[in-house]
Amino acid sequence: MASQTDASGSNAEADLREAMSLHEHGRLDAADALYAKVIAATPGHVQALRLRGSLSRQRGELVASITCLQQAVEIAPDDTAALNELALSHMAAGNLHAAEAALRDILDIEPDSLRALANLGALRQRCGHLTDSIRLHQRYLELAPGDLEVRSNLANALMDAGRAEAALTVCDAALLMAPGHPLLLANKGAVLSGLERYAAAIEVFDMALAANPNDDLAWLNLGYAQRVLGRTDAALDALTRAARLGPDNARAAADLANVLAGIGEIGRAVEICEHFLAAHPGERMVLAIYACALRDAGRDDDAARILDYQALVHTIDIEVPDGYADLAQFNETLGRFVRGHSSLLRNPGRKATTGGAQTGELDPAEDRVFAALDGVLRDSVRQVISGLLAEGFGGHEVMAYASDTWSLRTWGTVLDRGGFQSPHQHPLAWLSGVYYVRLPEAMKSATDGAGRLEFGRYPERIQTRTEPVIFPVTPREGRLVIFPSWFYHSTRPFDADESRISIAFDVMPNAGSQASA
């Protein structure tokens, strides 16, 4: 690039080189000031805009990062490096659809871009578009067969798609390339656990941890496998190690506390939860276990404050969105959209759905009917947040992850005869919800609770000495239910030939993002 000199005589390229050196050595404030100087001197300087955008992301300043990178892409739309940085910043901000668009732009320019294929494959996996994710991972590995990280990602995508044996084959192939690799062994152990081959999983985890004893996730998964096989002492040892190595690992704290509660050490379980929540207020996995331990400890009032279903579960029967004659027409159109979605996958792995199918994340830009629902959901979430604040819940755990800016992650579920959602929570979200699109006629008149939504039941792996308090909600077409994401919830099976269609969503707080409600 030719030297560019501003009117004051300062050399922009020399400033850029110095900024890059400062950036590389972690002196971010000084580097940022020089990047800004270069951009002021030469406003169309794509490299400076790109590097400043990357630096802003490092500092968690996502609005500034996206602004810089969008400017770079507008100036040089074929600059794949700037597009990739823009995608990464959108991902960090939770703008997943925008990130996908940037990555697809790269592949339009450079179809075999390894960086774009890897990032898009990981993004599509994160969004639940598993068939597409698997295709992208496989394409990447055709070009770079020795990449062990992407091989691990492929194994995980196959597991998520319910193809556990294929995932195991991928793990074994990777281990032939890198025998004894601890991360590959840990990944294989997780796959074996998913196949419920726990004894074999324990052997593999032991090998992984002999090679890398500082892998808190491997200790955590080992603890789970030991626990399933009834080896409580071994499970406690593994989970204690996981919690020590990963003091910010919520699952480690939650699982350790629950195993302790299961063997009667309720006081220690409560103490672990309170210690973790003091450092991470409102953390969802731990909060749910804490409420369970409080009830076991006889502290019913404290537990009831956390699990205040009556006040914190909000039910809204929506109005007909503009452009539709009535609610029946809207729901019928919405049901066709969900049933025809390309990502709909039957009995996905690692999900609560049994006896049905689930889509990946849905994009309001895909279809007018879903855009209409998206608007309804956003208005309803705002209404619930305002109500919580008006009702005095500003200091409650439900507002621990409150944010002025948030995004929605939304997916559809189709359940058939006998289908149900097993007890689960949404530990990454702030609030969660479900909208009922279509119910079988038999369910509408059922008096035995078939198909209903229930709060309070725990998964089998969670040990409790007291009976759960069950809070039922009756589904209705056009009904929306919004609740805190730490609430365990499930649905009861139903016996009918027709399908039950719903759309679930998570409200995701956007730290530093320009994406808003």
# chains A, B, ... in the order shown; residues from 1 in each chain; ligands from 1
call {"tool": "select_by_dssp", "arguments": {"residues": "range 156-393 of chain A", "states": "helix (DSSP H, G or I)", "output": "number ranges by chain"}}
result
A: 156-160, 164-177, 182-194, 198-211, 216-228, 232-245, 250-262, 266-279, 284-296, 300-306, 309-312, 327-339, 364-366, 368-390
call {"tool": "residues_around", "arguments": {"residues": "Ile318 in chain A", "least_positions_apart": "5", "cutoff": "8 Å", "atoms": "only C-alpha atoms", "output": "PyMOL selection string"}}
result
chain A and resi 376+478-480
call {"tool": "write_last_selection", "arguments": {"atoms": "C-alpha atoms", "output": "PDB file, in the first residue's frame"}}
result
ATOM      1  CA  VAL A 376     -46.026  -9.987  19.334  1.00  0.00           C
ATOM      2  CA  GLY A 478     -53.094 -18.221  20.853  1.00  0.00           C
ATOM      3  CA  ARG A 479     -51.765 -18.407  24.418  1.00  0.00           C
ATOM      4  CA  LEU A 480     -48.301 -17.159  25.320  1.00  0.00           C
TER       5      LEU A 480
END
call {"tool": "closest_residue", "arguments": {"among": "A:Asn331, A:Gln125, A:Asn84, A:Gln383", "to": "Asn153 in chain A", "atoms": "only C-alpha atoms"}}
result
A:Gln125
call {"tool": "residues_around", "arguments": {"residues": "Pro247 in chain A", "least_positions_apart": "5", "cutoff": "12 Å", "atoms": "only C-alpha atoms", "output": "MDAnalysis selection string"}}
result
chainID A and resid 216:217 239:242 252:254 256 272:273 275:277 279:280
call {"tool": "closest_residue", "arguments": {"among": "A:Gly355, A:Gly349, A:Gly262, A:Pro468", "to": "Gln421 in chain A", "atoms": "only C-alpha atoms"}}
result
A:Gly355
call {"tool": "atom_distance", "arguments": {"atom1": "CA of Glu74 in chain A", "atom2": "CA of Asp363 in chain A"}}
result
23.7 Å
call {"tool": "residues_around", "arguments": {"residues": "Gly456 in chain A", "least_positions_apart": "5", "cutoff": "6 Å", "atoms": "only C-alpha atoms", "output": "tab-separated table (two decimals) with C-alpha atoms, in the first residue's frame"}}
result
chain	number	residue	atom	x	y	z
A	468	PRO	CA	-41.92	-30.86	44.12
A	469	VAL	CA	-44.59	-28.19	44.04
A	470	ILE	CA	-46.27	-28.52	40.64
A	488	TYR	CA	-37.77	-26.35	35.36
call {"tool": "closest_residue", "arguments": {"among": "A:Leu148, A:Leu327, A:Val434, A:Leu83", "to": "Met177 in chain A", "atoms": "only C-alpha atoms"}}
result
A:Leu148
call {"tool": "select_by_dssp", "arguments": {"residues": "range 244-418 of chain A", "states": "strand (DSSP E or B)", "output": "list in words"}}
result
His314, Thr315, Ile316, Asp317, Leu345, Arg346, Thr353, Thr354, Gly355, Gly356, Ala357, Gln358, Trp406, Ser407, Leu408, Arg409, Thr410, Trp411, Gly412, Thr413, Val414, Leu415, Asp416, Arg417 and Gly418 of chain A
call {"tool": "write_last_selection", "arguments": {"atoms": "N, CA and C atoms", "output": "mmCIF file, in the first residue's frame"}}
result
data_model
loop_
_atom_site.group_PDB
_atom_site.id
_atom_site.type_symbol
_atom_site.label_atom_id
_atom_site.label_comp_id
_atom_site.auth_asym_id
_atom_site.auth_seq_id
_atom_site.Cartn_x
_atom_site.Cartn_y
_atom_site.Cartn_z
ATOM 1 N N HIS A 314 -46.198 -15.750 33.614
ATOM 2 C CA HIS A 314 -47.154 -14.815 33.017
ATOM 3 C C HIS A 314 -47.834 -15.453 31.807
ATOM 4 N N THR A 315 -49.142 -15.418 31.803
ATOM 5 C CA THR A 315 -49.939 -15.987 30.718
ATOM 6 C C THR A 315 -50.654 -14.870 29.977
ATOM 7 N N ILE A 316 -50.477 -14.838 28.660
ATOM 8 C CA ILE A 316 -51.069 -13.792 27.826
ATOM 9 C C ILE A 316 -51.776 -14.444 26.650
ATOM 10 N N ASP A 317 -53.052 -14.152 26.473
ATOM 11 C CA ASP A 317 -53.785 -14.593 25.286
ATOM 12 C C ASP A 317 -53.728 -13.449 24.273
ATOM 13 N N LEU A 345 -36.200 -31.278 12.688
ATOM 14 C CA LEU A 345 -35.466 -32.524 12.892
ATOM 15 C C LEU A 345 -36.174 -33.351 13.949
ATOM 16 N N ARG A 346 -36.444 -34.620 13.624
ATOM 17 C CA ARG A 346 -37.179 -35.475 14.546
ATOM 18 C C ARG A 346 -36.263 -35.995 15.649
ATOM 19 N N THR A 353 -37.132 -32.703 23.728
ATOM 20 C CA THR A 353 -38.215 -33.181 22.872
ATOM 21 C C THR A 353 -38.143 -34.687 22.668
ATOM 22 N N THR A 354 -39.239 -35.373 22.974
ATOM 23 C CA THR A 354 -39.373 -36.813 22.731
ATOM 24 C C THR A 354 -40.707 -37.054 22.020
ATOM 25 N N GLY A 355 -40.661 -37.852 20.958
ATOM 26 C CA GLY A 355 -41.894 -38.136 20.233
ATOM 27 C C GLY A 355 -42.347 -36.978 19.369
ATOM 28 N N GLY A 356 -41.369 -36.304 18.773
ATOM 29 C CA GLY A 356 -41.717 -35.172 17.928
ATOM 30 C C GLY A 356 -40.502 -34.620 17.226
ATOM 31 N N ALA A 357 -40.605 -33.381 16.766
ATOM 32 C CA ALA A 357 -39.531 -32.755 15.994
ATOM 33 C C ALA A 357 -39.346 -31.322 16.459
ATOM 34 N N GLN A 358 -38.149 -30.793 16.176
ATOM 35 C CA GLN A 358 -37.825 -29.434 16.593
ATOM 36 C C GLN A 358 -37.048 -28.744 15.480
ATOM 37 N N TRP A 406 -31.839 -6.615 24.368
ATOM 38 C CA TRP A 406 -31.915 -8.077 24.364
ATOM 39 C C TRP A 406 -32.381 -8.542 22.997
ATOM 40 N N SER A 407 -32.139 -9.804 22.733
ATOM 41 C CA SER A 407 -32.593 -10.407 21.476
ATOM 42 C C SER A 407 -33.400 -11.660 21.798
ATOM 43 N N LEU A 408 -34.098 -12.155 20.813
ATOM 44 C CA LEU A 408 -34.887 -13.385 20.967
ATOM 45 C C LEU A 408 -34.253 -14.508 20.166
ATOM 46 N N ARG A 409 -34.170 -15.679 20.781
ATOM 47 C CA ARG A 409 -33.816 -16.904 20.064
ATOM 48 C C ARG A 409 -35.054 -17.787 20.104
ATOM 49 N N THR A 410 -35.534 -18.167 18.942
ATOM 50 C CA THR A 410 -36.863 -18.760 18.820
ATOM 51 C C THR A 410 -36.803 -20.022 17.972
ATOM 52 N N TRP A 411 -37.557 -21.054 18.376
ATOM 53 C CA TRP A 411 -37.594 -22.307 17.622
ATOM 54 C C TRP A 411 -38.980 -22.951 17.752
ATOM 55 N N GLY A 412 -39.295 -23.817 16.805
ATOM 56 C CA GLY A 412 -40.598 -24.467 16.790
ATOM 57 C C GLY A 412 -40.506 -25.929 17.193
ATOM 58 N N THR A 413 -41.585 -26.441 17.764
ATOM 59 C CA THR A 413 -41.662 -27.845 18.181
ATOM 60 C C THR A 413 -42.976 -28.436 17.696
ATOM 61 N N VAL A 414 -42.891 -29.639 17.147
ATOM 62 C CA VAL A 414 -44.072 -30.385 16.711
ATOM 63 C C VAL A 414 -44.075 -31.715 17.458
ATOM 64 N N LEU A 415 -45.073 -31.928 18.325
ATOM 65 C CA LEU A 415 -45.194 -33.176 19.065
ATOM 66 C C LEU A 415 -46.325 -34.007 18.492
ATOM 67 N N ASP A 416 -46.083 -35.306 18.371
ATOM 68 C CA ASP A 416 -47.091 -36.237 17.889
ATOM 69 C C ASP A 416 -47.634 -37.065 19.049
ATOM 70 N N ARG A 417 -48.516 -38.021 18.739
ATOM 71 C CA ARG A 417 -49.138 -38.846 19.774
ATOM 72 C C ARG A 417 -48.086 -39.378 20.757
ATOM 73 N N GLY A 418 -48.334 -39.171 22.035
ATOM 74 C CA GLY A 418 -47.409 -39.636 23.059
ATOM 75 C C GLY A 418 -46.202 -38.749 23.260
#
call {"tool": "residues_around", "arguments": {"residues": "Tyr401 in chain A", "least_positions_apart": "5", "cutoff": "12 Å", "atoms": "only C-alpha atoms", "output": "PyMOL selection string"}}
result
chain A and resi 280-284+385+394-396+406+427-431+484-486+507-511
call {"tool": "write_last_selection", "arguments": {"atoms": "N, CA and C atoms", "output": "tab-separated table (two decimals), in the first residue's frame"}}
result
chain	number	residue	atom	x	y	z
A	280	HIS	N	-21.94	-14.89	41.52
A	280	HIS	CA	-22.67	-14.90	40.24
A	280	HIS	C	-24.17	-14.80	40.53
A	281	PRO	N	-24.64	-13.62	40.93
A	281	PRO	CA	-26.05	-13.48	41.33
A	281	PRO	C	-27.01	-13.92	40.23
A	282	GLY	N	-27.98	-14.72	40.63
A	282	GLY	CA	-29.03	-15.13	39.70
A	282	GLY	C	-28.65	-16.20	38.71
A	283	GLU	N	-27.45	-16.83	38.84
A	283	GLU	CA	-27.06	-17.86	37.87
A	283	GLU	C	-28.10	-18.98	37.88
A	284	ARG	N	-28.57	-19.34	36.68
A	284	ARG	CA	-29.80	-20.13	36.56
A	284	ARG	C	-29.65	-21.58	37.02
A	385	ILE	N	-41.68	-7.40	31.48
A	385	ILE	CA	-40.58	-6.74	32.19
A	385	ILE	C	-41.10	-5.51	32.94
A	394	GLY	N	-37.71	-5.64	41.14
A	394	GLY	CA	-36.45	-5.10	40.66
A	394	GLY	C	-35.23	-5.69	41.35
A	395	GLY	N	-35.37	-6.06	42.63
A	395	GLY	CA	-34.27	-6.65	43.36
A	395	GLY	C	-34.30	-8.16	43.43
A	396	HIS	N	-35.24	-8.78	42.75
A	396	HIS	CA	-35.39	-10.24	42.75
A	396	HIS	C	-34.42	-10.87	41.75
A	406	TRP	N	-31.84	-6.61	24.37
A	406	TRP	CA	-31.92	-8.08	24.36
A	406	TRP	C	-32.38	-8.54	23.00
A	427	PRO	N	-30.72	-22.49	30.75
A	427	PRO	CA	-29.75	-21.83	31.63
A	427	PRO	C	-28.98	-20.67	31.02
A	428	LEU	N	-29.06	-20.47	29.71
A	428	LEU	CA	-28.32	-19.37	29.09
A	428	LEU	C	-29.15	-18.10	28.94
A	429	ALA	N	-30.45	-18.20	29.22
A	429	ALA	CA	-31.35	-17.08	28.94
A	429	ALA	C	-31.69	-16.31	30.22
A	430	TRP	N	-32.36	-15.20	30.02
A	430	TRP	CA	-32.90	-14.39	31.12
A	430	TRP	C	-34.35	-14.79	31.38
A	431	LEU	N	-35.18	-14.66	30.37
A	431	LEU	CA	-36.57	-15.11	30.41
A	431	LEU	C	-36.78	-16.10	29.27
A	484	PRO	N	-39.31	-17.10	34.18
A	484	PRO	CA	-37.86	-17.05	34.37
A	484	PRO	C	-37.18	-18.30	33.84
A	485	SER	N	-36.02	-18.14	33.25
A	485	SER	CA	-35.39	-19.25	32.54
A	485	SER	C	-34.86	-20.34	33.46
A	486	TRP	N	-34.71	-20.08	34.78
A	486	TRP	CA	-34.24	-21.15	35.66
A	486	TRP	C	-35.36	-22.09	36.07
A	507	VAL	N	-35.19	-15.09	25.88
A	507	VAL	CA	-34.81	-13.68	25.88
A	507	VAL	C	-33.35	-13.63	26.32
A	508	MET	N	-32.48	-13.18	25.40
A	508	MET	CA	-31.04	-13.19	25.64
A	508	MET	C	-30.54	-11.76	25.85
A	509	PRO	N	-30.04	-11.45	27.04
A	509	PRO	CA	-29.49	-10.10	27.24
A	509	PRO	C	-28.26	-9.89	26.38
A	510	ASN	N	-28.16	-8.71	25.78
A	510	ASN	CA	-27.06	-8.40	24.87
A	510	ASN	C	-26.08	-7.46	25.54
A	511	ALA	N	-25.03	-8.01	26.11
A	511	ALA	CA	-24.02	-7.17	26.75
A	511	ALA	C	-23.28	-6.35	25.71
call {"tool": "atom_distance", "arguments": {"atom1": "CA of Ala118 in chain A", "atom2": "CA of Ser193 in chain A"}}
result
25.8 Å
call {"tool": "residues_around", "arguments": {"residues": "Val46 in chain A", "least_positions_apart": "2", "cutoff": "9 Å", "atoms": "only C-alpha atoms", "output": "number ranges by chain"}}
result
A: 39, 43-44, 48-51, 69, 71-73, 75-76, 79, 82
call {"tool": "residues_around", "arguments": {"residues": "Leu107 in chain A", "least_positions_apart": "4", "cutoff": "9 Å", "atoms": "only C-alpha atoms", "output": "PyMOL selection string"}}
result
chain A and resi 80+102-103+111-113+116-117
call {"tool": "write_last_selection", "arguments": {"atoms": "C-alpha atoms", "output": "short mmCIF file (atom, residue, chain, number, x, y, z; two decimals), in the first residue's frame"}}
result
data_model
loop_
_atom_site.label_atom_id
_atom_site.label_comp_id
_atom_site.auth_asym_id
_atom_site.auth_seq_id
_atom_site.Cartn_x
_atom_site.Cartn_y
_atom_site.Cartn_z
CA THR A 80 -13.28 -11.09 3.47
CA ALA A 102 -21.64 -11.83 6.87
CA LEU A 103 -20.21 -15.35 6.73
CA PRO A 111 -16.44 -20.55 -1.57
CA ASP A 112 -13.55 -22.51 -0.03
CA SER A 113 -12.71 -20.05 2.74
CA ALA A 116 -15.80 -18.87 6.97
CA LEU A 117 -16.70 -22.55 6.68
#
call {"tool": "atom_distance", "arguments": {"atom1": "CA of Thr447 in chain A", "atom2": "CA of Ala311 in chain A"}}
result
24.9 Å
